[in-house]
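Below is the file final-v5.txt, which contains compact mmCIF, C-alpha atoms.
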# COMPACT_ATOMS: atom_id res chain seq x y z
CA MET A 204 20.29 108.86 124.44
CA THR A 205 21.35 106.09 126.84
CA LYS A 206 18.00 105.75 128.61
CA PRO A 207 14.73 105.91 126.63
CA ARG A 208 12.33 108.65 127.63
CA THR A 209 8.93 107.12 128.14
CA PHE A 210 6.57 110.05 128.75
CA ALA A 211 5.35 110.16 125.14
CA VAL A 212 5.13 106.36 124.87
CA SER A 213 3.06 106.22 128.04
CA TYR A 214 0.77 108.97 126.79
CA PHE A 215 -0.03 107.09 123.57
CA LEU A 216 -0.61 103.78 125.36
CA GLY A 217 -3.34 105.18 127.58
CA ARG A 218 -5.50 106.23 124.62
CA ALA A 219 -5.22 103.22 122.31
CA PHE A 220 -8.33 101.22 123.27
CA PHE A 221 -10.81 104.09 123.11
CA LEU A 222 -11.04 104.47 119.34
CA GLY A 223 -14.16 102.61 118.20
CA PHE A 224 -14.20 100.53 121.39
CA GLY A 225 -13.96 102.56 124.59
CA PHE A 226 -16.07 105.58 123.71
CA SER A 227 -18.70 103.57 121.90
CA LEU A 228 -19.21 101.14 124.78
CA LEU A 229 -19.18 103.84 127.46
CA PHE A 230 -21.83 105.92 125.71
CA LYS A 231 -24.03 102.90 125.06
CA LEU A 232 -23.81 102.00 128.73
CA LEU A 233 -24.03 105.45 130.32
CA ASP A 234 -25.51 107.80 127.73
CA LYS A 235 -24.66 111.43 128.59
CA ASP A 236 -23.11 110.45 131.94
CA ALA A 237 -20.15 108.80 130.20
CA TRP A 238 -18.02 111.83 131.05
CA ILE A 239 -18.74 111.33 134.77
CA ALA A 240 -17.64 107.69 134.57
CA SER A 241 -14.51 108.84 132.73
CA PHE A 242 -13.69 111.28 135.51
CA LEU A 243 -14.17 108.62 138.20
CA GLY A 244 -12.23 106.11 136.12
CA ILE A 245 -9.17 108.35 136.22
CA PHE A 246 -8.94 107.89 140.00
CA LEU A 247 -9.32 104.11 139.68
CA GLY A 248 -6.69 104.12 136.94
CA CYS A 249 -4.26 106.03 139.15
CA GLY A 250 -4.70 103.40 141.86
CA ILE A 251 -4.06 100.57 139.39
CA LEU A 252 -0.91 102.21 138.03
CA TRP A 253 0.32 103.02 141.53
CA LEU A 254 0.20 99.29 142.27
CA PHE A 255 1.68 98.47 138.86
CA GLU A 256 4.71 100.70 139.43
CA ARG A 257 5.57 98.96 142.70
CA LEU A 258 5.07 95.47 141.33
CA LYS A 259 7.07 96.34 138.22
CA GLU A 260 10.01 97.44 140.35
CA LYS A 261 9.96 94.49 142.75
CA HIS A 262 8.74 91.68 140.48
CA PRO A 263 10.07 91.87 136.92
CA LEU A 264 9.39 88.96 134.58
CA SER A 265 11.42 86.19 136.16
CA ASN A 266 9.75 82.81 135.59
CA THR A 267 8.33 80.90 132.66
CA PHE A 268 4.71 81.08 133.82
CA GLN A 269 4.85 84.84 134.29
CA LYS A 270 6.51 85.31 130.91
CA SER A 271 3.97 83.05 129.21
CA ILE A 272 1.04 85.10 130.50
CA PHE A 273 2.82 88.30 129.50
CA PHE A 274 3.42 86.89 126.00
CA ILE A 275 -0.27 85.94 125.59
CA PHE A 276 -1.29 89.39 126.85
CA ASN A 277 0.94 91.08 124.26
CA PHE A 278 -0.41 88.77 121.57
CA PHE A 279 -3.99 89.66 122.54
CA VAL A 280 -3.34 93.42 122.70
CA PHE A 281 -1.53 93.40 119.35
CA ASN A 282 -4.41 91.52 117.70
CA GLN A 283 -7.10 93.83 119.08
CA ILE A 284 -5.24 97.05 118.26
CA LEU A 285 -4.56 95.74 114.76
CA PHE A 286 -8.27 95.01 114.31
CA ILE A 287 -9.15 98.54 115.50
CA PHE A 288 -6.61 99.99 113.06
CA GLU A 289 -7.98 97.92 110.19
CA THR A 290 -11.66 98.65 110.79
CA PHE A 291 -11.11 102.39 111.36
CA CYS A 292 -9.03 102.85 108.20
CA SER A 293 -11.40 100.75 106.07
CA SER A 294 -14.41 102.67 107.43
CA PHE A 295 -13.16 106.23 106.90
CA TYR A 296 -9.84 106.43 105.06
CA LEU A 297 -9.62 103.60 102.51
CA ILE A 298 -13.23 102.57 102.12
CA LYS A 299 -12.87 100.61 98.87
CA SER A 300 -9.45 99.11 99.59
CA PRO A 301 -9.15 95.43 100.62
CA SER A 302 -7.99 95.00 104.20
CA ILE A 303 -4.83 93.20 103.13
CA TYR A 304 -3.67 96.35 101.29
CA ILE A 305 -4.34 98.44 104.39
CA LEU A 306 -2.35 96.16 106.69
CA ALA A 307 0.53 95.21 104.36
CA PRO A 308 2.49 98.49 104.77
CA LEU A 309 1.97 98.34 108.54
CA PHE A 310 3.55 94.86 108.58
CA PHE A 311 6.85 96.19 107.22
CA ILE A 312 6.74 99.30 109.42
CA ILE A 313 6.39 97.17 112.57
CA LEU A 314 9.27 94.99 111.41
CA ARG A 315 11.40 98.08 110.93
CA ILE A 316 10.59 99.95 114.14
CA THR A 317 11.17 96.85 116.30
CA LYS A 318 14.56 96.22 114.70
CA ASN A 319 16.41 98.34 117.27
CA GLY A 320 14.02 97.75 120.15
CA PHE A 321 12.23 99.99 122.60
CA GLN A 322 14.65 102.90 122.26
CA THR A 323 13.61 103.50 118.65
CA ILE A 324 9.93 103.37 119.64
CA SER A 325 10.52 105.98 122.33
CA ARG A 326 12.28 108.28 119.85
CA VAL A 327 9.44 107.98 117.33
CA SER A 328 6.97 108.71 120.15
CA ASP A 329 8.88 111.88 121.05
CA VAL A 330 8.48 113.05 117.45
CA LEU A 331 4.77 112.23 117.22
CA PHE A 332 3.83 113.60 120.65
CA PRO A 333 3.97 117.37 119.88
CA ILE A 334 2.11 116.74 116.60
CA GLU A 335 -0.70 114.98 118.44
CA ILE A 336 -0.92 117.68 121.11
CA ALA A 337 -1.13 120.34 118.41
CA LEU A 338 -3.92 118.42 116.64
CA LEU A 339 -5.87 118.06 119.89
CA PHE A 340 -5.47 121.77 120.55
CA VAL A 341 -6.83 122.60 117.08
CA VAL A 342 -9.75 120.22 117.59
CA SER A 343 -10.63 121.72 120.95
CA LEU A 344 -10.64 125.27 119.60
CA GLY A 345 -12.60 124.30 116.51
CA LEU A 346 -15.33 122.47 118.43
CA LEU A 347 -15.97 125.13 121.07
CA ARG A 348 -18.51 126.88 118.87
CA ASN A 349 -20.55 123.65 118.55
CA ILE A 350 -21.00 123.00 122.26
CA ASN A 351 -24.53 122.75 123.62
CA LEU A 352 -24.58 122.59 127.42
CA GLU A 353 -28.23 121.48 127.41
CA TYR A 354 -27.03 118.03 126.31
CA PHE A 355 -25.59 117.47 129.80
CA LYS A 356 -29.00 117.82 131.52
CA PRO A 357 -30.20 116.16 133.66
CA ILE A 358 -26.93 115.22 135.33
CA MET A 359 -26.47 111.93 137.18
CA ASP A 360 -29.62 110.11 136.10
CA THR A 361 -27.65 106.85 135.73
CA LYS A 362 -27.79 104.23 138.45
CA PRO A 363 -24.75 104.39 140.76
CA LEU A 364 -23.88 100.74 140.07
CA THR A 365 -23.90 101.35 136.30
CA LEU A 366 -21.82 104.49 136.80
CA PHE A 367 -19.29 102.50 138.82
CA GLN A 368 -19.24 99.83 136.11
CA GLY A 369 -18.45 102.51 133.54
CA ALA A 370 -15.64 103.86 135.73
CA ILE A 371 -14.13 100.36 135.95
CA TYR A 372 -14.39 99.99 132.17
CA PHE A 373 -12.60 103.32 131.71
CA ALA A 374 -9.85 102.27 134.12
CA CYS A 375 -9.34 98.95 132.33
CA TYR A 376 -9.23 100.55 128.88
CA SER A 377 -6.81 103.28 129.95
CA THR A 378 -4.41 101.30 132.16
CA ALA A 379 -4.17 97.85 130.53
CA PRO A 380 -1.72 98.99 127.80
CA TYR A 381 0.68 100.24 130.50
CA PHE A 382 1.20 96.62 131.53
CA LEU A 383 3.06 96.24 128.23
CA LEU A 384 5.87 98.18 129.94
CA TRP A 385 6.24 95.59 132.72
CA ASN A 386 9.87 94.78 132.06
CA GLU A 387 11.01 97.99 130.40
CA LYS A 388 12.96 100.67 132.24
CA THR A 389 10.64 103.64 132.43
CA GLU A 390 10.63 107.01 134.12
CA LYS A 391 9.85 106.65 137.80
CA ASN A 392 6.44 108.34 137.96
CA ILE A 393 4.25 106.84 135.25
CA LEU A 394 1.20 108.57 136.72
CA LYS A 395 2.16 111.89 135.12
CA PRO A 396 1.81 110.76 131.49
CA TYR A 397 -1.23 108.72 132.47
CA LEU A 398 -2.97 111.79 133.85
CA VAL A 399 -2.22 113.76 130.68
CA SER A 400 -3.49 110.88 128.55
CA ALA A 401 -6.58 110.25 130.69
CA LEU A 402 -7.49 113.94 130.78
CA SER A 403 -7.33 114.08 126.98
CA ILE A 404 -9.79 111.16 126.88
CA PHE A 405 -11.99 112.84 129.48
CA SER A 406 -12.06 116.05 127.44
CA ALA A 407 -12.98 114.01 124.34
CA ALA A 408 -15.91 112.48 126.26
CA LEU A 409 -17.05 116.00 127.19
CA PHE A 410 -16.89 117.18 123.57
CA ILE A 411 -18.74 114.09 122.29
CA THR A 412 -21.57 114.73 124.75
CA ALA A 413 -21.68 118.48 124.16
CA VAL A 414 -21.49 118.33 120.36
CA LEU A 415 -23.41 115.19 119.38
CA GLY A 416 -25.83 114.96 122.25
CA PRO A 417 -26.76 111.77 124.13
CA ASN A 418 -28.89 110.19 121.40
CA LEU A 419 -26.39 110.43 118.55
CA ALA A 420 -23.46 109.51 120.82
CA GLN A 421 -25.18 106.21 121.58
CA ILE A 422 -25.92 105.37 117.96
CA TYR A 423 -22.50 105.86 116.37
CA ARG A 424 -19.80 103.19 116.53
CA TYR A 425 -17.19 105.97 116.24
CA PRO A 426 -18.71 108.91 118.14
CA GLU A 427 -15.30 110.53 118.47
CA TYR A 428 -14.90 110.62 114.67
CA MET A 429 -18.46 111.81 114.05
CA THR A 430 -17.83 114.65 116.49
CA LEU A 431 -14.93 115.79 114.32
CA LYS A 432 -17.31 116.13 111.36
CA LYS A 433 -18.69 119.20 113.12
CA LEU A 434 -15.24 120.77 113.08
CA LYS A 435 -14.83 123.91 111.01
CA LEU A 436 -11.72 126.07 111.04
CA PHE A 437 -11.90 129.84 110.46
CA ASN A 438 -15.59 129.39 109.47
CA PHE A 439 -14.72 128.18 105.98
CA ILE A 440 -12.31 125.20 106.20
CA GLU A 441 -14.47 122.09 106.42
CA LYS A 442 -14.10 118.30 106.23
CA VAL A 443 -10.83 118.25 108.13
CA GLU A 444 -11.81 115.22 110.24
CA ASN A 445 -9.59 112.84 108.27
CA ILE A 446 -6.58 115.02 108.96
CA VAL A 447 -7.06 115.66 112.69
CA SER A 448 -8.23 112.09 113.43
CA ILE A 449 -4.76 110.85 112.49
CA ALA A 450 -3.92 111.53 116.14
CA TRP A 451 -5.85 108.36 117.04
CA LEU A 452 -3.74 106.39 114.56
CA PHE A 453 -0.60 107.54 116.38
CA ASP A 454 -1.96 105.94 119.56
CA LEU A 455 -2.62 102.66 117.76
CA PHE A 456 0.74 102.65 116.00
CA ILE A 457 2.80 103.16 119.16
CA THR A 458 0.82 100.49 121.04
CA LEU A 459 1.33 98.04 118.18
CA SER A 460 5.05 98.83 118.22
CA VAL A 461 5.44 98.29 121.98
CA SER A 462 3.48 95.02 122.04
CA GLY A 463 5.21 93.84 118.86
CA ASN A 464 8.62 94.59 120.36
CA ASN A 465 7.72 92.64 123.52
CA ILE A 466 6.66 89.65 121.44
CA LYS A 467 9.91 89.80 119.48
CA GLN A 468 12.10 90.04 122.59
CA MET A 469 10.41 87.02 124.18
CA LEU A 470 11.11 84.77 121.19
CA PRO A 471 14.24 82.55 121.18
CA LYS A 472 17.35 84.54 120.25
CA LYS A 473 18.35 82.14 117.50
CA TYR A 474 16.66 83.16 114.25
CA ARG A 475 14.62 85.72 116.20
CA THR A 476 14.12 88.00 113.20
CA TYR A 477 12.73 85.21 111.03
CA THR A 478 10.60 83.79 113.83
CA PHE A 479 9.16 87.21 114.56
CA SER A 480 8.27 87.67 110.89
CA VAL A 481 6.32 84.40 111.01
CA VAL A 482 4.54 85.45 114.21
CA LEU A 483 3.62 88.79 112.62
CA ILE A 484 2.20 87.00 109.59
CA ILE A 485 0.04 84.91 111.94
CA LEU A 486 -1.12 88.01 113.83
CA PHE A 487 -2.00 89.87 110.66
CA GLY A 488 -3.75 86.75 109.34
CA VAL A 489 -5.83 86.51 112.53
CA SER A 490 -6.80 90.17 112.16
CA LEU A 491 -7.87 89.66 108.54
CA TYR A 492 -9.86 86.60 109.58
CA GLY A 493 -11.52 88.61 112.36
CA GLY A 494 -12.50 91.26 109.84
CA THR A 495 -14.46 88.68 107.85
CA HIS A 496 -16.12 87.26 110.99
CA TYR A 497 -17.39 90.48 112.48
CA GLN A 498 -19.82 88.86 114.91
CA GLY A 499 -16.98 87.26 116.83
CA GLU A 500 -15.17 90.57 117.05
CA LEU A 501 -18.35 92.24 118.29
CA TRP A 502 -18.41 89.74 121.15
CA ILE A 503 -14.86 90.73 122.05
CA TYR A 504 -15.84 94.41 121.71
CA THR A 505 -18.59 93.90 124.32
CA TYR A 506 -16.38 92.06 126.80
CA LEU A 507 -13.02 93.68 126.03
CA PRO A 508 -12.74 95.70 129.28
CA ILE A 509 -13.46 92.52 131.27
CA LEU A 510 -10.82 90.60 129.30
CA LEU A 511 -8.27 93.38 129.79
CA GLY A 512 -9.07 93.56 133.49
CA GLY A 513 -8.68 89.78 133.74
CA PHE A 514 -5.22 89.93 132.19
CA MET A 515 -4.18 92.71 134.56
CA LEU A 516 -5.41 90.81 137.62
CA LEU A 517 -3.66 87.65 136.44
CA LEU A 518 -0.36 89.45 135.89
CA ILE A 519 -0.63 91.11 139.30
CA PHE A 520 -1.50 87.81 140.98
CA VAL A 521 1.36 85.78 139.50
CA SER A 522 3.85 88.58 140.22
CA PHE A 523 3.42 88.01 143.97
CA PHE A 524 4.84 84.52 143.51
CA SER A 525 7.92 85.62 141.60
CA ARG A 526 11.11 86.28 143.52
CA LYS A 527 12.41 89.82 143.82
CA LYS A 528 15.39 90.70 141.66
CA GLU A 529 16.83 93.54 139.63
CA PRO A 530 14.96 94.29 136.37
CA THR A 531 16.46 92.66 133.31
CA LYS A 532 15.68 92.96 129.65
CA LEU A 533 13.25 90.54 128.06
CA SER A 534 14.87 87.46 126.65
Take the structure in the file and give it back as structure tokens.
Amino acid sequence: MTKPRTFAVSYFLGRAFFLGFGFSLLFKLLDKDAWIASFLGIFLGCGILWLFERLKEKHPLSNTFQKSIFFIFNFFVFNQILFIFETFCSSFYLIKSPSIYILAPLFFIILRITKNGFQTISRVSDVLFPIEIALLFVVSLGLLRNINLEYFKPIMDTKPLTLFQGAIYFACYSTAPYFLLWNEKTEKNILKPYLVSALSIFSAALFITAVLGPNLAQIYRYPEYMTLKKLKLFNFIEKVENIVSIAWLFDLFITLSVSGNNIKQMLPKKYRTYTFSVVLIILFGVSLYGGTHYQGELWIYTYLPILLGGFMLLLIFVSFFSRKKEPTKLS
């Protein structure tokens, strides 16, 4: 494979920030109208990625200032996704395990998958993609019997300004990770995988509303996981939420791999492997520190879509001042 296929990678990136962050914040803000904001956010997200594709083609990373912002953005995304991974696993999978034991295997996996660069990440994504689609299909079929359409009534009782705010939040959550692909050669139309990814998130918002109802959806930090607790296969197979929710971990893993690979490629070539190992240790240490200072992370959780939107605007702004040239690999 001479040119990496990026459909699967792009699909995973669009979903990464919704686990424990996106859905929770949207339902707290919009209650049962979160699905409407999600639908509107898809159109905003398409507009953002339309602009991103054109800037990516004409203005690859070409100057120190642009690369520095991109490096900080990757550092920030990696840290936040790592924190989401840690808190989700410690909350539902490995409840009694210290966080360092949860993150230690991931440290070596990231080192390994970034060894051969983006091409390896794209191949792993191609393997995980059909598994995730199959899991989502099983979830959808299994939850149909739990739907209560009364939970959607009354429709549109949220203020238009709040609804628009929710749509912006959705667009920021779903498109910001695509900026990690700024200087990678990708398939021409990135909107196709984005639409598939965004529609899967939209359908999840529908199921959360229809299964949990507006009150419970607002209370839970992980409404998407609590929805899966209602899942029952063939009327007798229960408690399968830990199996099917692994699809969300695929999203986190691929996003960590892409951002980690970008960080590695932007380090000096000399002793890059050793330098990257040190940077990873720092990133994992920051995540462990954030886990013990939960109030600070809650502040980031509240303002994360604004921070992501700020990074996107900054990258777009500085790209206009970079000279046009042919895309090159990160160095």
Selected residue of minimal separation from Tyr372 (chain A) among A:Leu243, A:Val212, A:Val461, A:Leu516, counting all atoms listed in the file: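 So, comparing all the options, the nearest one is A:Leu243.
Of the listed residues A:Lys362, A:Lys391, A:Arg218, A:Arg208, the one whose atoms come nearest to Ala240 (chain A) is A:Lys362, with distances taken using all atoms listed in the file.
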Point (5.6, 107.4, 136.4), cut-off 9 Å, counting only C-alpha atoms, residues as a PyMOL selection string: chain A and resi 209-210+213+252-253+256+389-397
Point-to-point distance from CA of Ile466 (chain A) to CA of Lys259 (chain A), Å rounded to tenths: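 Computing the Euclidean distance for CA of Ile466 (chain A) and CA of Lys259 (chain A) yields 18.1 Å.
Atom to atom, CA of Ser265 (chain A) and CA of Gly217 (chain A) stand 25.5 Å apart.
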Nearest residue to Tyr296 (chain A) from the set A:Leu452, A:Thr505, A:Val481, A:Phe230 (distances using all atoms listed in the file):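 The shortest atom-to-atom distance to Tyr296 (chain A) comes from A:Leu452.
Distance-wise, CA of Thr478 (chain A) and CA of Pro263 (chain A) end up 24.5 Å apart.
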Closest of A:Leu491, A:Leu501, A:Leu346, A:Met359 to Lys235 (chain A) - atom-to-atom distances counting all atoms listed in the file: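 Ranked by minimum distance to Lys235 (chain A), first place goes to A:Met359.
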Proximity to Thr361 (chain A) - best of A:Leu331, A:Leu232, A:Val399, A:Ile303, all atoms listed in the file: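 Selected residue with least distance to Thr361 (chain A): A:Leu232.
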Expected answer as a list in words: all residues with atoms within 7 Å of (-9.9, 90.4, 122.9), all atoms listed in the file: Phe279, Gln283, Ile503, Leu507 and Leu510 of chain A
Residues near Phe382 (chain A), cut-off 10 Å, all atoms listed in the file, skip fewer than 4 positions along chain, as JSON, numbers by chain: {"A": [216, 252, 255, 256, 259, 273, 276, 277, 378, 386, 387, 462, 514, 515, 518, 519]}
Counting all atoms listed in the file, the residue of A:Lys261, A:Ile336, A:Asp236, A:Leu409 that sits nearest Phe523 (chain A):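 Smallest distance to Phe523 (chain A) is found for A:Lys261.
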12 Å contact set for Ala420 (chain A), only C-alpha atoms, chain neighbours under 6 positions out, as number ranges by chain: A: 223, 226-238, 354, 407-414, 426-430
Take the residues just selected and output them with C-alpha atoms as a compact mmCIF listing (two decimals), in the frame of the given file.
# COMPACT_ATOMS: atom_id res chain seq x y z
CA GLY A 223 -14.16 102.61 118.20
CA PHE A 226 -16.07 105.58 123.71
CA SER A 227 -18.70 103.57 121.90
CA LEU A 228 -19.21 101.14 124.78
CA LEU A 229 -19.18 103.84 127.46
CA PHE A 230 -21.83 105.92 125.71
CA LYS A 231 -24.03 102.90 125.06
CA LEU A 232 -23.81 102.00 128.73
CA LEU A 233 -24.03 105.45 130.32
CA ASP A 234 -25.51 107.80 127.73
CA LYS A 235 -24.66 111.43 128.59
CA ASP A 236 -23.11 110.45 131.94
CA ALA A 237 -20.15 108.80 130.20
CA TRP A 238 -18.02 111.83 131.05
CA TYR A 354 -27.03 118.03 126.31
CA ALA A 407 -12.98 114.01 124.34
CA ALA A 408 -15.91 112.48 126.26
CA LEU A 409 -17.05 116.00 127.19
CA PHE A 410 -16.89 117.18 123.57
CA ILE A 411 -18.74 114.09 122.29
CA THR A 412 -21.57 114.73 124.75
CA ALA A 413 -21.68 118.48 124.16
CA VAL A 414 -21.49 118.33 120.36
CA PRO A 426 -18.71 108.91 118.14
CA GLU A 427 -15.30 110.53 118.47
CA TYR A 428 -14.90 110.62 114.67
CA MET A 429 -18.46 111.81 114.05
CA THR A 430 -17.83 114.65 116.49
Shell around Tyr506 (chain A) at 12 Å using only C-alpha atoms, local window under 2 positions removed, as number ranges by chain: A: 224-225, 228, 372, 375-376, 499-504, 508-513
